[in-house]
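Chemist: Data: structure-v4.cif, mmCIF, C-alpha atoms.
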data_structure
#
loop_
_atom_site.label_atom_id
_atom_site.label_comp_id
_atom_site.auth_asym_id
_atom_site.auth_seq_id
_atom_site.Cartn_x
_atom_site.Cartn_y
_atom_site.Cartn_z
CA MET A 13 -10.00 -4.94 29.58
CA SER A 14 -6.84 -3.46 31.01
CA HIS A 15 -3.40 -3.81 29.51
CA THR A 16 -0.04 -2.84 30.90
CA ALA A 17 3.17 -2.45 28.97
CA LYS A 18 5.62 -5.30 29.20
CA THR A 19 8.56 -4.33 31.35
CA GLY A 20 11.67 -3.29 29.52
CA GLN A 21 10.14 -3.21 26.04
CA ALA A 22 10.68 -0.10 23.97
CA PRO A 23 7.56 1.63 22.71
CA ILE A 24 6.42 1.12 19.12
CA ASP A 25 7.30 4.26 17.16
CA PHE A 26 4.42 5.71 15.17
CA PHE A 27 5.81 8.35 12.78
CA PHE A 28 3.13 10.31 10.97
CA ASP A 29 2.14 13.67 9.55
CA PHE A 30 -1.08 15.25 10.84
CA SER A 31 -1.99 16.07 7.22
CA SER A 32 -1.75 12.44 6.07
CA PRO A 33 -5.20 10.81 5.70
CA TYR A 34 -3.79 7.28 5.95
CA SER A 35 -2.11 8.36 9.21
CA PHE A 36 -5.52 9.53 10.46
CA LEU A 37 -6.90 6.05 9.76
CA ALA A 38 -3.96 4.34 11.49
CA ALA A 39 -4.21 6.70 14.48
CA HIS A 40 -7.67 5.32 15.25
CA ARG A 41 -6.50 1.71 15.53
CA LEU A 42 -2.78 1.42 16.39
CA ASP A 43 -2.96 2.01 20.16
CA ALA A 44 -5.55 -0.76 20.56
CA ILE A 45 -3.55 -3.23 18.46
CA ALA A 46 -0.41 -2.51 20.50
CA ALA A 47 -2.31 -2.77 23.80
CA LYS A 48 -3.60 -6.26 22.89
CA HIS A 49 0.03 -7.35 22.97
CA GLY A 50 1.00 -5.36 26.06
CA ARG A 51 2.85 -2.71 24.08
CA VAL A 52 2.64 1.06 24.11
CA VAL A 53 2.99 3.46 21.19
CA ALA A 54 5.16 6.57 21.02
CA TRP A 55 3.38 8.99 18.69
CA ARG A 56 5.87 10.95 16.59
CA PRO A 57 4.40 13.69 14.39
CA VAL A 58 6.91 14.74 11.73
CA LEU A 59 6.88 16.94 8.65
CA LEU A 60 6.36 14.77 5.60
CA GLY A 61 7.21 17.70 3.32
CA VAL A 62 10.74 17.78 4.78
CA ILE A 63 11.00 14.01 4.34
CA PHE A 64 9.80 14.18 0.72
CA LYS A 65 12.36 16.92 0.02
CA ASP A 66 15.13 14.75 1.45
CA THR A 67 14.05 11.45 -0.14
CA GLY A 68 12.65 12.65 -3.48
CA GLY A 69 9.10 11.63 -2.60
CA ALA A 70 5.84 13.28 -3.59
CA PRO A 71 2.29 13.36 -2.24
CA ASN A 72 -0.13 10.85 -3.80
CA THR A 73 -2.20 13.72 -5.09
CA ALA A 74 0.69 14.66 -7.43
CA ASN A 75 -0.48 11.86 -9.75
CA ALA A 76 -4.05 12.56 -10.91
CA LEU A 77 -5.17 8.94 -11.41
CA LYS A 78 -3.50 7.82 -8.19
CA GLY A 79 -4.99 10.75 -6.29
CA LYS A 80 -8.46 9.88 -7.57
CA TYR A 81 -8.02 6.23 -6.60
CA MET A 82 -6.64 7.12 -3.16
CA LEU A 83 -9.69 9.20 -2.32
CA ARG A 84 -11.93 6.27 -3.23
CA ASP A 85 -9.70 3.89 -1.26
CA LEU A 86 -9.70 6.14 1.83
CA LYS A 87 -13.49 6.50 1.81
CA ARG A 88 -13.95 2.77 1.29
CA PHE A 89 -11.63 1.93 4.19
CA ALA A 90 -13.30 4.49 6.47
CA ARG A 91 -16.77 3.09 5.65
CA LEU A 92 -15.58 -0.45 6.40
CA HIS A 93 -14.34 0.68 9.83
CA ASN A 94 -17.31 2.98 10.53
CA LEU A 95 -15.06 6.04 10.73
CA PRO A 96 -16.56 9.32 9.56
CA PHE A 97 -14.12 10.73 7.00
CA THR A 98 -13.95 13.74 4.76
CA MET A 99 -10.98 15.24 2.91
CA PRO A 100 -10.03 18.66 4.32
CA GLU A 101 -10.00 21.80 2.23
CA PRO A 102 -7.38 23.04 1.55
CA PHE A 103 -5.34 19.86 1.01
CA PRO A 104 -2.45 19.32 1.44
CA PHE A 105 -2.03 21.67 4.40
CA SER A 106 0.83 22.42 6.76
CA ALA A 107 0.82 20.48 10.02
CA LEU A 108 3.68 22.57 11.43
CA LEU A 109 1.78 24.14 14.34
CA PRO A 110 -0.19 21.13 15.64
CA SER A 111 3.01 19.05 15.39
CA ARG A 112 4.95 21.49 17.59
CA ALA A 113 2.00 21.62 19.96
CA TYR A 114 2.03 17.82 20.21
CA TYR A 115 5.54 17.82 21.68
CA TRP A 116 4.47 20.47 24.16
CA VAL A 117 1.51 18.33 25.28
CA GLU A 118 3.64 15.20 25.47
CA ALA A 119 6.18 16.98 27.71
CA THR A 120 3.71 18.79 29.95
CA ALA A 121 0.55 16.60 30.05
CA PRO A 122 1.58 13.19 28.67
CA ASP A 123 -1.69 11.49 29.65
CA ARG A 124 -3.55 13.84 27.25
CA ALA A 125 -1.10 13.54 24.35
CA HIS A 126 -2.86 10.85 22.32
CA ALA A 127 -6.27 12.42 22.93
CA PHE A 128 -4.92 15.76 21.71
CA ALA A 129 -3.42 14.13 18.61
CA ARG A 130 -6.64 12.30 17.80
CA ALA A 131 -8.59 15.54 18.24
CA ILE A 132 -6.24 17.24 15.75
CA PHE A 133 -6.74 14.38 13.27
CA ASP A 134 -10.51 14.39 13.74
CA GLY A 135 -10.57 18.17 13.41
CA SER A 136 -9.00 17.83 9.95
CA PHE A 137 -10.56 14.66 8.64
CA GLN A 138 -13.97 14.65 10.27
CA LYS A 139 -14.89 18.23 11.16
CA GLY A 140 -13.37 20.32 8.37
CA ILE A 141 -11.29 22.43 10.77
CA ASP A 142 -8.18 24.07 9.30
CA VAL A 143 -5.70 22.86 11.93
CA SER A 144 -2.82 24.75 10.29
CA LYS A 145 -4.14 27.85 12.12
CA PRO A 146 -2.85 28.66 15.65
CA GLU A 147 -6.37 29.48 16.92
CA ALA A 148 -7.61 26.06 15.80
CA VAL A 149 -4.75 24.35 17.63
CA ALA A 150 -5.51 26.36 20.77
CA GLN A 151 -9.21 25.53 20.56
CA ILE A 152 -8.55 21.81 20.13
CA ALA A 153 -6.06 21.91 23.04
CA HIS A 154 -8.78 23.52 25.16
CA SER A 155 -11.29 20.84 24.06
CA VAL A 156 -9.12 18.10 25.62
CA GLY A 157 -8.61 20.00 28.88
CA LEU A 158 -5.42 21.90 28.10
CA ASP A 159 -4.68 25.62 28.39
CA GLY A 160 -5.47 27.27 25.03
CA ALA A 161 -3.29 30.31 25.69
CA ALA A 162 -0.35 28.08 26.61
CA ALA A 163 -0.92 26.17 23.35
CA LEU A 164 -0.76 29.46 21.39
CA ALA A 165 2.61 30.18 23.02
CA ALA A 166 3.86 26.63 22.56
CA VAL A 167 3.49 26.62 18.76
CA GLN A 168 6.09 29.41 18.59
CA ASP A 169 8.36 28.08 21.36
CA ASP A 170 11.88 27.10 20.30
CA ARG A 171 11.78 24.00 22.47
CA TRP A 172 8.92 22.44 20.46
CA LYS A 173 10.34 23.68 17.15
CA THR A 174 13.50 21.78 18.06
CA ALA A 175 11.58 18.71 19.23
CA LEU A 176 9.75 18.53 15.88
CA ARG A 177 12.94 19.04 13.89
CA GLU A 178 14.67 16.29 15.84
CA ALA A 179 11.76 13.87 15.41
CA THR A 180 11.78 14.47 11.65
CA GLU A 181 15.53 13.86 11.51
CA ASP A 182 15.11 10.70 13.58
CA ALA A 183 12.41 9.46 11.16
CA LEU A 184 14.71 10.08 8.18
CA ASN A 185 17.56 8.26 9.88
CA ARG A 186 15.27 5.30 10.41
CA GLY A 187 14.32 5.11 6.75
CA MET A 188 10.99 6.95 6.64
CA PHE A 189 9.88 7.99 3.14
CA GLY A 190 6.07 8.05 3.54
CA ALA A 191 3.40 8.11 6.25
CA PRO A 192 2.42 6.44 8.45
CA TYR A 193 5.73 4.72 9.21
CA ILE A 194 5.68 2.39 12.18
CA VAL A 195 8.82 0.85 13.70
CA ILE A 196 8.62 -2.16 16.04
CA ASP A 197 11.94 -3.14 17.64
CA GLY A 198 13.79 -2.00 14.50
CA GLU A 199 11.31 -3.53 12.02
CA PRO A 200 9.68 -0.86 9.79
CA PHE A 201 6.11 -1.02 8.46
CA TRP A 202 4.84 1.57 5.99
CA GLY A 203 1.17 2.32 5.54
CA ASN A 204 -2.16 2.00 7.28
CA ASP A 205 -2.67 -1.20 5.29
CA ARG A 206 0.12 -2.89 7.26
CA LEU A 207 -1.82 -2.80 10.56
CA PRO A 208 -3.06 -6.42 10.27
CA GLU A 209 0.53 -7.50 9.59
CA ILE A 210 1.70 -5.47 12.60
CA ASP A 211 -0.89 -7.28 14.70
CA ALA A 212 0.43 -10.65 13.46
CA TRP A 213 4.03 -9.55 14.01
CA LEU A 214 3.33 -8.56 17.62
CA GLN A 215 1.38 -11.78 18.17
CA SER A 216 4.14 -14.07 16.89
CA GLY A 217 7.22 -12.05 17.76
CA GLY A 218 8.09 -11.76 14.08
CA TRP A 219 8.84 -14.29 11.34
CA MET B 26 -14.18 -28.26 -2.61
CA SER B 27 -15.42 -27.35 -6.07
CA HIS B 28 -16.54 -23.92 -7.18
CA THR B 29 -18.32 -22.82 -10.28
CA ALA B 30 -18.69 -19.30 -11.55
CA LYS B 31 -21.99 -17.63 -10.82
CA THR B 32 -24.02 -17.36 -13.98
CA GLY B 33 -23.98 -14.01 -15.70
CA GLN B 34 -21.28 -12.44 -13.54
CA ALA B 35 -18.40 -10.76 -15.32
CA PRO B 36 -14.93 -11.99 -14.43
CA ILE B 37 -12.78 -10.06 -12.00
CA ASP B 38 -10.11 -8.23 -14.01
CA PHE B 39 -6.57 -8.75 -12.76
CA PHE B 40 -4.30 -6.22 -14.48
CA PHE B 41 -0.62 -6.79 -13.79
CA ASP B 42 2.89 -6.63 -15.20
CA PHE B 43 4.95 -9.81 -15.20
CA SER B 44 7.89 -7.79 -13.85
CA SER B 45 5.96 -6.52 -10.79
CA PRO B 46 6.89 -8.42 -7.61
CA TYR B 47 3.67 -7.44 -5.83
CA SER B 48 1.78 -8.82 -8.85
CA PHE B 49 3.68 -12.09 -8.42
CA LEU B 50 2.47 -12.26 -4.81
CA ALA B 51 -1.13 -11.48 -5.80
CA ALA B 52 -1.01 -14.04 -8.63
CA HIS B 53 -0.52 -16.81 -6.09
CA ARG B 54 -3.67 -15.99 -4.15
CA LEU B 55 -6.27 -14.15 -6.24
CA ASP B 56 -7.79 -17.13 -8.11
CA ALA B 57 -8.46 -18.95 -4.83
CA ILE B 58 -10.06 -15.89 -3.22
CA ALA B 59 -12.32 -15.38 -6.24
CA ALA B 60 -13.23 -19.08 -6.38
CA LYS B 61 -14.38 -19.02 -2.72
CA HIS B 62 -17.07 -16.59 -3.86
CA GLY B 63 -17.90 -18.39 -7.10
CA ARG B 64 -16.07 -15.86 -9.27
CA VAL B 65 -13.47 -16.28 -11.98
CA VAL B 66 -10.52 -14.03 -12.77
CA ALA B 67 -9.50 -12.68 -16.17
CA TRP B 68 -5.71 -12.28 -16.08
CA ARG B 69 -4.63 -9.21 -18.00
CA PRO B 70 -0.86 -8.72 -18.36
CA VAL B 71 -0.08 -5.15 -19.40
CA LEU B 72 3.04 -3.02 -19.77
CA LEU B 73 3.49 -0.94 -16.63
CA GLY B 74 6.20 1.11 -18.35
CA VAL B 75 3.62 2.37 -20.86
CA ILE B 76 1.21 3.13 -18.03
CA PHE B 77 3.88 5.01 -16.04
CA LYS B 78 4.71 7.05 -19.17
CA ASP B 79 1.06 7.96 -19.58
CA THR B 80 0.29 8.65 -15.92
CA GLY B 81 3.60 10.12 -14.71
CA GLY B 82 4.30 7.17 -12.42
CA ALA B 83 7.66 5.65 -11.54
CA PRO B 84 8.86 2.28 -10.25
CA ASN B 85 9.29 2.02 -6.47
CA THR B 86 12.99 1.40 -6.98
CA ALA B 87 13.32 5.00 -8.28
CA ASN B 88 13.31 6.14 -4.63
CA ALA B 89 16.28 4.57 -2.80
CA LEU B 90 14.73 4.44 0.69
CA LYS B 91 11.39 3.24 -0.67
CA GLY B 92 13.12 0.63 -2.81
CA LYS B 93 15.04 -0.67 0.19
CA TYR B 94 11.88 -0.84 2.29
CA MET B 95 9.91 -2.53 -0.50
CA LEU B 96 12.45 -5.33 -0.78
CA ARG B 97 12.16 -5.95 2.95
CA ASP B 98 8.36 -5.77 2.74
CA LEU B 99 8.22 -8.22 -0.19
CA LYS B 100 10.47 -10.75 1.55
CA ARG B 101 8.52 -10.41 4.80
CA PHE B 102 5.20 -10.98 3.03
CA ALA B 103 6.57 -13.97 1.07
CA ARG B 104 7.90 -15.56 4.29
CA LEU B 105 4.52 -15.09 5.99
CA HIS B 106 2.80 -16.89 3.11
CA ASN B 107 5.52 -19.54 2.68
CA LEU B 108 6.26 -18.41 -0.88
CA PRO B 109 9.86 -18.75 -2.04
CA PHE B 110 10.87 -15.31 -3.36
CA THR B 111 13.98 -13.72 -4.76
CA MET B 112 14.38 -10.49 -6.71
CA PRO B 113 15.39 -11.13 -10.33
CA GLU B 114 18.57 -9.78 -11.86
CA PRO B 115 18.38 -7.59 -13.87
CA PHE B 116 15.49 -5.64 -12.38
CA PRO B 117 13.38 -3.99 -13.68
CA PHE B 118 13.14 -6.09 -16.84
CA SER B 119 10.87 -5.99 -19.88
CA ALA B 120 7.86 -8.29 -19.74
CA LEU B 121 6.98 -7.59 -23.39
CA LEU B 122 7.49 -11.13 -24.75
CA PRO B 123 5.84 -13.18 -21.97
CA SER B 124 2.91 -10.75 -22.02
CA ARG B 125 2.34 -11.25 -25.75
CA ALA B 126 2.72 -15.00 -25.24
CA TYR B 127 0.05 -14.91 -22.52
CA TYR B 128 -2.58 -13.67 -24.99
CA TRP B 129 -1.57 -16.41 -27.41
CA VAL B 130 -2.02 -19.06 -24.69
CA GLU B 131 -5.32 -17.57 -23.58
CA ALA B 132 -6.68 -17.68 -27.15
CA THR B 133 -5.36 -21.12 -28.09
CA ALA B 134 -5.19 -23.12 -24.83
CA PRO B 135 -7.27 -21.19 -22.28
CA ASP B 136 -7.19 -23.98 -19.68
CA ARG B 137 -3.39 -23.58 -19.48
CA ALA B 138 -3.34 -19.77 -19.37
CA HIS B 139 -3.12 -19.25 -15.61
CA ALA B 140 -0.60 -22.08 -15.22
CA PHE B 141 1.54 -20.49 -17.93
CA ALA B 142 1.31 -17.07 -16.26
CA ARG B 143 2.24 -18.48 -12.87
CA ALA B 144 5.19 -20.33 -14.41
CA ILE B 145 6.40 -17.03 -15.93
CA PHE B 146 6.07 -15.32 -12.53
CA ASP B 147 7.81 -18.18 -10.72
CA GLY B 148 10.55 -18.23 -13.36
CA SER B 149 11.33 -14.58 -12.53
CA PHE B 150 10.72 -14.44 -8.82
CA GLN B 151 11.65 -17.92 -7.67
CA LYS B 152 14.05 -19.42 -10.21
CA GLY B 153 16.11 -16.48 -11.43
CA ILE B 154 15.15 -17.03 -15.09
CA ASP B 155 15.37 -13.98 -17.36
CA VAL B 156 11.86 -14.20 -18.84
CA SER B 157 12.48 -11.21 -21.11
CA LYS B 158 14.25 -13.64 -23.48
CA PRO B 159 12.26 -15.49 -26.18
CA GLU B 160 13.97 -18.81 -25.44
CA ALA B 161 12.94 -18.58 -21.77
CA VAL B 162 9.33 -17.92 -22.76
CA ALA B 163 9.41 -20.91 -25.13
CA GLN B 164 10.92 -23.16 -22.46
CA ILE B 165 8.31 -22.14 -19.88
CA ALA B 166 5.53 -22.66 -22.44
CA HIS B 167 6.91 -26.15 -23.05
CA SER B 168 7.04 -26.82 -19.30
CA VAL B 169 3.26 -26.35 -19.04
CA GLY B 170 2.52 -28.56 -22.05
CA LEU B 171 2.50 -25.99 -24.84
CA ASP B 172 4.44 -25.98 -28.10
CA GLY B 173 7.73 -24.12 -27.55
CA ALA B 174 8.25 -23.36 -31.25
CA ALA B 175 4.74 -21.94 -31.50
CA ALA B 176 5.51 -19.76 -28.46
CA LEU B 177 8.63 -18.42 -30.21
CA ALA B 178 6.47 -17.46 -33.20
CA ALA B 179 3.69 -16.03 -31.02
CA VAL B 180 5.89 -13.44 -29.27
CA GLN B 181 6.45 -11.77 -32.68
CA ASP B 182 2.92 -12.23 -33.99
CA ASP B 183 0.98 -9.04 -34.71
CA ARG B 184 -2.18 -10.54 -33.22
CA TRP B 185 -0.64 -10.81 -29.74
CA LYS B 186 1.19 -7.48 -30.07
CA THR B 187 -2.22 -5.95 -30.69
CA ALA B 188 -3.88 -7.88 -27.85
CA LEU B 189 -1.25 -6.60 -25.39
CA ARG B 190 -1.55 -3.03 -26.66
CA GLU B 191 -5.32 -3.15 -26.32
CA ALA B 192 -5.16 -4.61 -22.80
CA THR B 193 -2.77 -1.84 -21.73
CA GLU B 194 -5.09 0.81 -23.21
CA ASP B 195 -8.06 -0.81 -21.48
CA ALA B 196 -6.17 -0.71 -18.15
CA LEU B 197 -5.38 2.99 -18.61
CA ASN B 198 -9.01 3.73 -19.46
CA ARG B 199 -10.05 2.01 -16.26
CA GLY B 200 -7.72 4.12 -14.12
CA MET B 201 -4.69 1.87 -13.70
CA PHE B 202 -1.56 3.68 -12.46
CA GLY B 203 0.27 0.86 -10.65
CA ALA B 204 0.28 -2.95 -10.38
CA PRO B 205 -1.47 -5.13 -9.51
CA TYR B 206 -4.76 -3.38 -10.29
CA ILE B 207 -7.88 -5.47 -9.74
CA VAL B 208 -11.35 -4.42 -10.87
CA ILE B 209 -14.49 -6.08 -9.48
CA ASP B 210 -17.73 -5.00 -11.14
CA GLY B 211 -16.27 -1.52 -11.70
CA GLU B 212 -14.66 -1.21 -8.24
CA PRO B 213 -10.86 -0.82 -8.46
CA PHE B 214 -8.38 -2.18 -5.91
CA TRP B 215 -4.68 -1.36 -6.17
CA GLY B 216 -2.00 -3.51 -4.61
CA ASN B 217 -1.39 -7.00 -3.32
CA ASP B 218 -2.20 -5.67 0.16
CA ARG B 219 -5.84 -5.15 -0.86
CA LEU B 220 -6.51 -8.90 -1.25
CA PRO B 221 -8.09 -9.27 2.23
CA GLU B 222 -10.34 -6.29 1.41
CA ILE B 223 -11.21 -7.89 -1.95
CA ASP B 224 -12.16 -11.06 -0.07
CA ALA B 225 -14.41 -9.04 2.24
CA TRP B 226 -15.89 -7.12 -0.72
CA LEU B 227 -16.79 -10.34 -2.56
CA GLN B 228 -18.18 -11.83 0.65
CA SER B 229 -20.47 -8.90 1.42
CA GLY B 230 -21.21 -7.63 -2.08
CA GLY B 231 -19.52 -4.33 -1.24
CA TRP B 232 -20.14 -1.62 1.34
#
Please re-express this file's structure in structure tokens.
Modeler:
Amino acid sequence: MSHTAKTGQAPIDFFFDFSSPYSFLAAHRLDAIAAKHGRVVAWRPVLLGVIFKDTGGAPNTANALKGKYMLRDLKRFARLHNLPFTMPEPFPFSALLPSRAYYWVEATAPDRAHAFARAIFDGSFQKGIDVSKPEAVAQIAHSVGLDGAAALAAVQDDRWKTALREATEDALNRGMFGAPYIVIDGEPFWGNDRLPEIDAWLQSGGW
Amino acid sequence: MSHTAKTGQAPIDFFFDFSSPYSFLAAHRLDAIAAKHGRVVAWRPVLLGVIFKDTGGAPNTANALKGKYMLRDLKRFARLHNLPFTMPEPFPFSALLPSRAYYWVEATAPDRAHAFARAIFDGSFQKGIDVSKPEAVAQIAHSVGLDGAAALAAVQDDRWKTALREATEDALNRGMFGAPYIVIDGEPFWGNDRLPEIDAWLQSGGW
């Protein structure tokens, strides 16, 4: 089945943090949901830590009972969707370097951008790779056909530092307080659990 | 279509706070989902404020951006399900008295218990009634065929104070940190947005 984007429609904005497990789950399904309705998705990695600092938020793991429940909920959801899933150690971790690298890939090899992002997510949440490390980012870049040495340079390049900072500011300006945060033509949806509602929204044009 | 409870199966526990708007939404759908699978629901109003104090939680409205999003999310969900919905003023409010009254109704007129609970929810979230007031609780009790004067006495009766305290302790012991919190044969589900997953869980017997 082939889908093409409807002419003149803005992409759906998918704001996420590479260290967010619910973003990992959403990343495996959002492109296909959008494509069903002829829409494309702009992936926007941001730094949730910066957003929490600005909005007074906190990771779910900050509350012991909630953290325990969330782990159960994540595993249950992953089993339902046949997605291998394991929580990375250490957690939380910094997604600074893979996020900068994402903007480098998007600018220089856009057709590989989503594959690179999914490989980063799967590295963390399926393979136990510590993707906060520059060598891991380079290796994953190489695994999707990119230049590992260029990736190592990119994670320290001011252009991609700026791109990440600007994306995080954009997310804040659009009301983001948690991840994933998905914006369709100005309408915000928070959470992996809103994907069925997003599907219905795209189907009906909103309600 | 008529459904009867499967013999020997424990009820599904539906822990909620009468002041929780997502609990209001769940309260309009959970009984029907359970009934499809031959299960009954034990409604368990608890005091979320006590649970937040114990678990370090906070209402969603404590975060301005999250509070703003939640209001939009609630209204969007209510529109999708054709449920009239309006946020009560003041909010948050204390659900102490209607919660005590619920345990009185459950013990003395169990066939009216869910109707009473739904009338309390609808009073808050559809009709703008301040259900923290004893007179409002009495009036709502009367509206579902109960004795209003007896309701006024019940909200100060030590038996129902104790029943509410014990239900809140039970919820904490079973891991509750937010509302609604639904437990099926030991499996916890948090949030109105888990109702489709609950439906699938009951259908398949879990996964």
Chemist: What's the 8 Å shell around Gly203 in chain B, counting only C-alpha atoms, without same-chain residues fewer than 3 positions away, as a list in words?
Modeler: Leu73, Ile76, Phe77, Gly82, Tyr206, Trp215 and Gly216 of chain B
Chemist: If you count all atoms listed in the file, which residues fall within 10 Å of Phe110 in chain B, apart from same-chain ones fewer than 4 positions away, as a PyMOL selection string?
Modeler: chain B and resi 46+49-50+99-104+147+149-153
Chemist: Would you mind listing, as an MDAnalysis selection string, all residues of chain B that have at least one atom within 8 Å of chain A, where only C-alpha atoms are what counts?
Modeler: chainID B and resid 80:82 88:91 94 98 101 104:105 200:202 213:214 218:219 232
Chemist: Between CA of Leu95 in chain A and CA of Asp38 in chain B, what is the distance in Å, rounded to a tenth?
Modeler: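 Between CA of Leu95 in chain A and CA of Asp38 in chain B the gap is 29.0 Å.
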Chemist: Please evaluate the PyMOL selection byres ((chain B and resi 131) around 12) against the structure above and give the resulting residues as a PDB file with C-alpha atoms, in the coordinates of the input.
Modeler:
ATOM      1  CA  ALA B  67      -9.500 -12.680 -16.170  1.00  0.00           C
ATOM      2  CA  TRP B  68      -5.710 -12.280 -16.080  1.00  0.00           C
ATOM      3  CA  ARG B  69      -4.630  -9.210 -18.000  1.00  0.00           C
ATOM      4  CA  PRO B  70      -0.860  -8.720 -18.360  1.00  0.00           C
ATOM      5  CA  SER B 124       2.910 -10.750 -22.020  1.00  0.00           C
ATOM      6  CA  ARG B 125       2.340 -11.250 -25.750  1.00  0.00           C
ATOM      7  CA  ALA B 126       2.720 -15.000 -25.240  1.00  0.00           C
ATOM      8  CA  TYR B 127       0.050 -14.910 -22.520  1.00  0.00           C
ATOM      9  CA  TYR B 128      -2.580 -13.670 -24.990  1.00  0.00           C
ATOM     10  CA  TRP B 129      -1.570 -16.410 -27.410  1.00  0.00           C
ATOM     11  CA  VAL B 130      -2.020 -19.060 -24.690  1.00  0.00           C
ATOM     12  CA  ALA B 132      -6.680 -17.680 -27.150  1.00  0.00           C
ATOM     13  CA  THR B 133      -5.360 -21.120 -28.090  1.00  0.00           C
ATOM     14  CA  ALA B 134      -5.190 -23.120 -24.830  1.00  0.00           C
ATOM     15  CA  PRO B 135      -7.270 -21.190 -22.280  1.00  0.00           C
ATOM     16  CA  ASP B 136      -7.190 -23.980 -19.680  1.00  0.00           C
ATOM     17  CA  ARG B 137      -3.390 -23.580 -19.480  1.00  0.00           C
ATOM     18  CA  ALA B 138      -3.340 -19.770 -19.370  1.00  0.00           C
ATOM     19  CA  HIS B 139      -3.120 -19.250 -15.610  1.00  0.00           C
ATOM     20  CA  ALA B 140      -0.600 -22.080 -15.220  1.00  0.00           C
ATOM     21  CA  PHE B 141       1.540 -20.490 -17.930  1.00  0.00           C
ATOM     22  CA  ALA B 142       1.310 -17.070 -16.260  1.00  0.00           C
ATOM     23  CA  LEU B 171       2.500 -25.990 -24.840  1.00  0.00           C
ATOM     24  CA  ALA B 179       3.690 -16.030 -31.020  1.00  0.00           C
ATOM     25  CA  TRP B 185      -0.640 -10.810 -29.740  1.00  0.00           C
ATOM     26  CA  ALA B 188      -3.880  -7.880 -27.850  1.00  0.00           C
ATOM     27  CA  LEU B 189      -1.250  -6.600 -25.390  1.00  0.00           C
TER      28      LEU B 189
END
Chemist: Give the answer as one residue: which of B:Ser119, B:Gln34, B:Ser157, B:Ser45 has the shortest atom-to-atom distance to His62 in chain B, using only C-alpha atoms?
Modeler: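 Nearest to His62 in chain B: B:Gln34.
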Chemist: Starting from 3 Å padding per side, set up an axis-aligned box that covers all listed atoms of range 28-33 of chain A and hand over centre and edge lengths in Å, one decimal, as AutoDock Vina command-line options.
Modeler:
--center_x -1.0 --center_y 13.2 --center_z 8.3 --size_x 14.3 --size_y 11.8 --size_z 11.3
Chemist: Considering only C-alpha atoms, can you say which of B:Arg64, B:Gly148, B:Gln181, B:Val75 comes closest to Pro109 in chain B?
Modeler: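 Answer, going by the shortest atom-to-atom distance: B:Gly148.
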Chemist: Rounded to one decimal in Å, what is the spacing between CA of Ala107 in chain A and CA of Asp211 in chain A?
Modeler: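 Going from CA of Ala107 in chain A over to CA of Asp211 in chain A covers 28.2 Å.
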Chemist: So what do you get for CA of Asn217 in chain B versus CA of Ala51 in chain B, distance-wise?
Modeler: 5.1 Å
Chemist: Which of these residues is nearest to Ala144 in chain B, using all atoms listed in the file: B:Gly170, B:Pro84, B:Pro159, B:Pro115?
Modeler: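 The answer is B:Gly170, which sits nearest to Ala144 in chain B.
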Chemist: Might you pull out every residue within 12 Å of Ala161 in chain A, with all atoms listed in the file counted and same-chain residues fewer than 4 positions away left off, and present them as a PyMOL selection string?
Modeler: chain A and resi 113+146-154+165-168
Chemist: Calculated over all atoms listed in the file, which of the candidates B:Asn107, B:Leu72, B:Ala196, B:Asn85 has the smallest distance to His53 in chain B?
Modeler: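 Of B:Asn107, B:Leu72, B:Ala196, B:Asn85, the one nearest His53 in chain B is B:Asn107, counting all atoms listed in the file.
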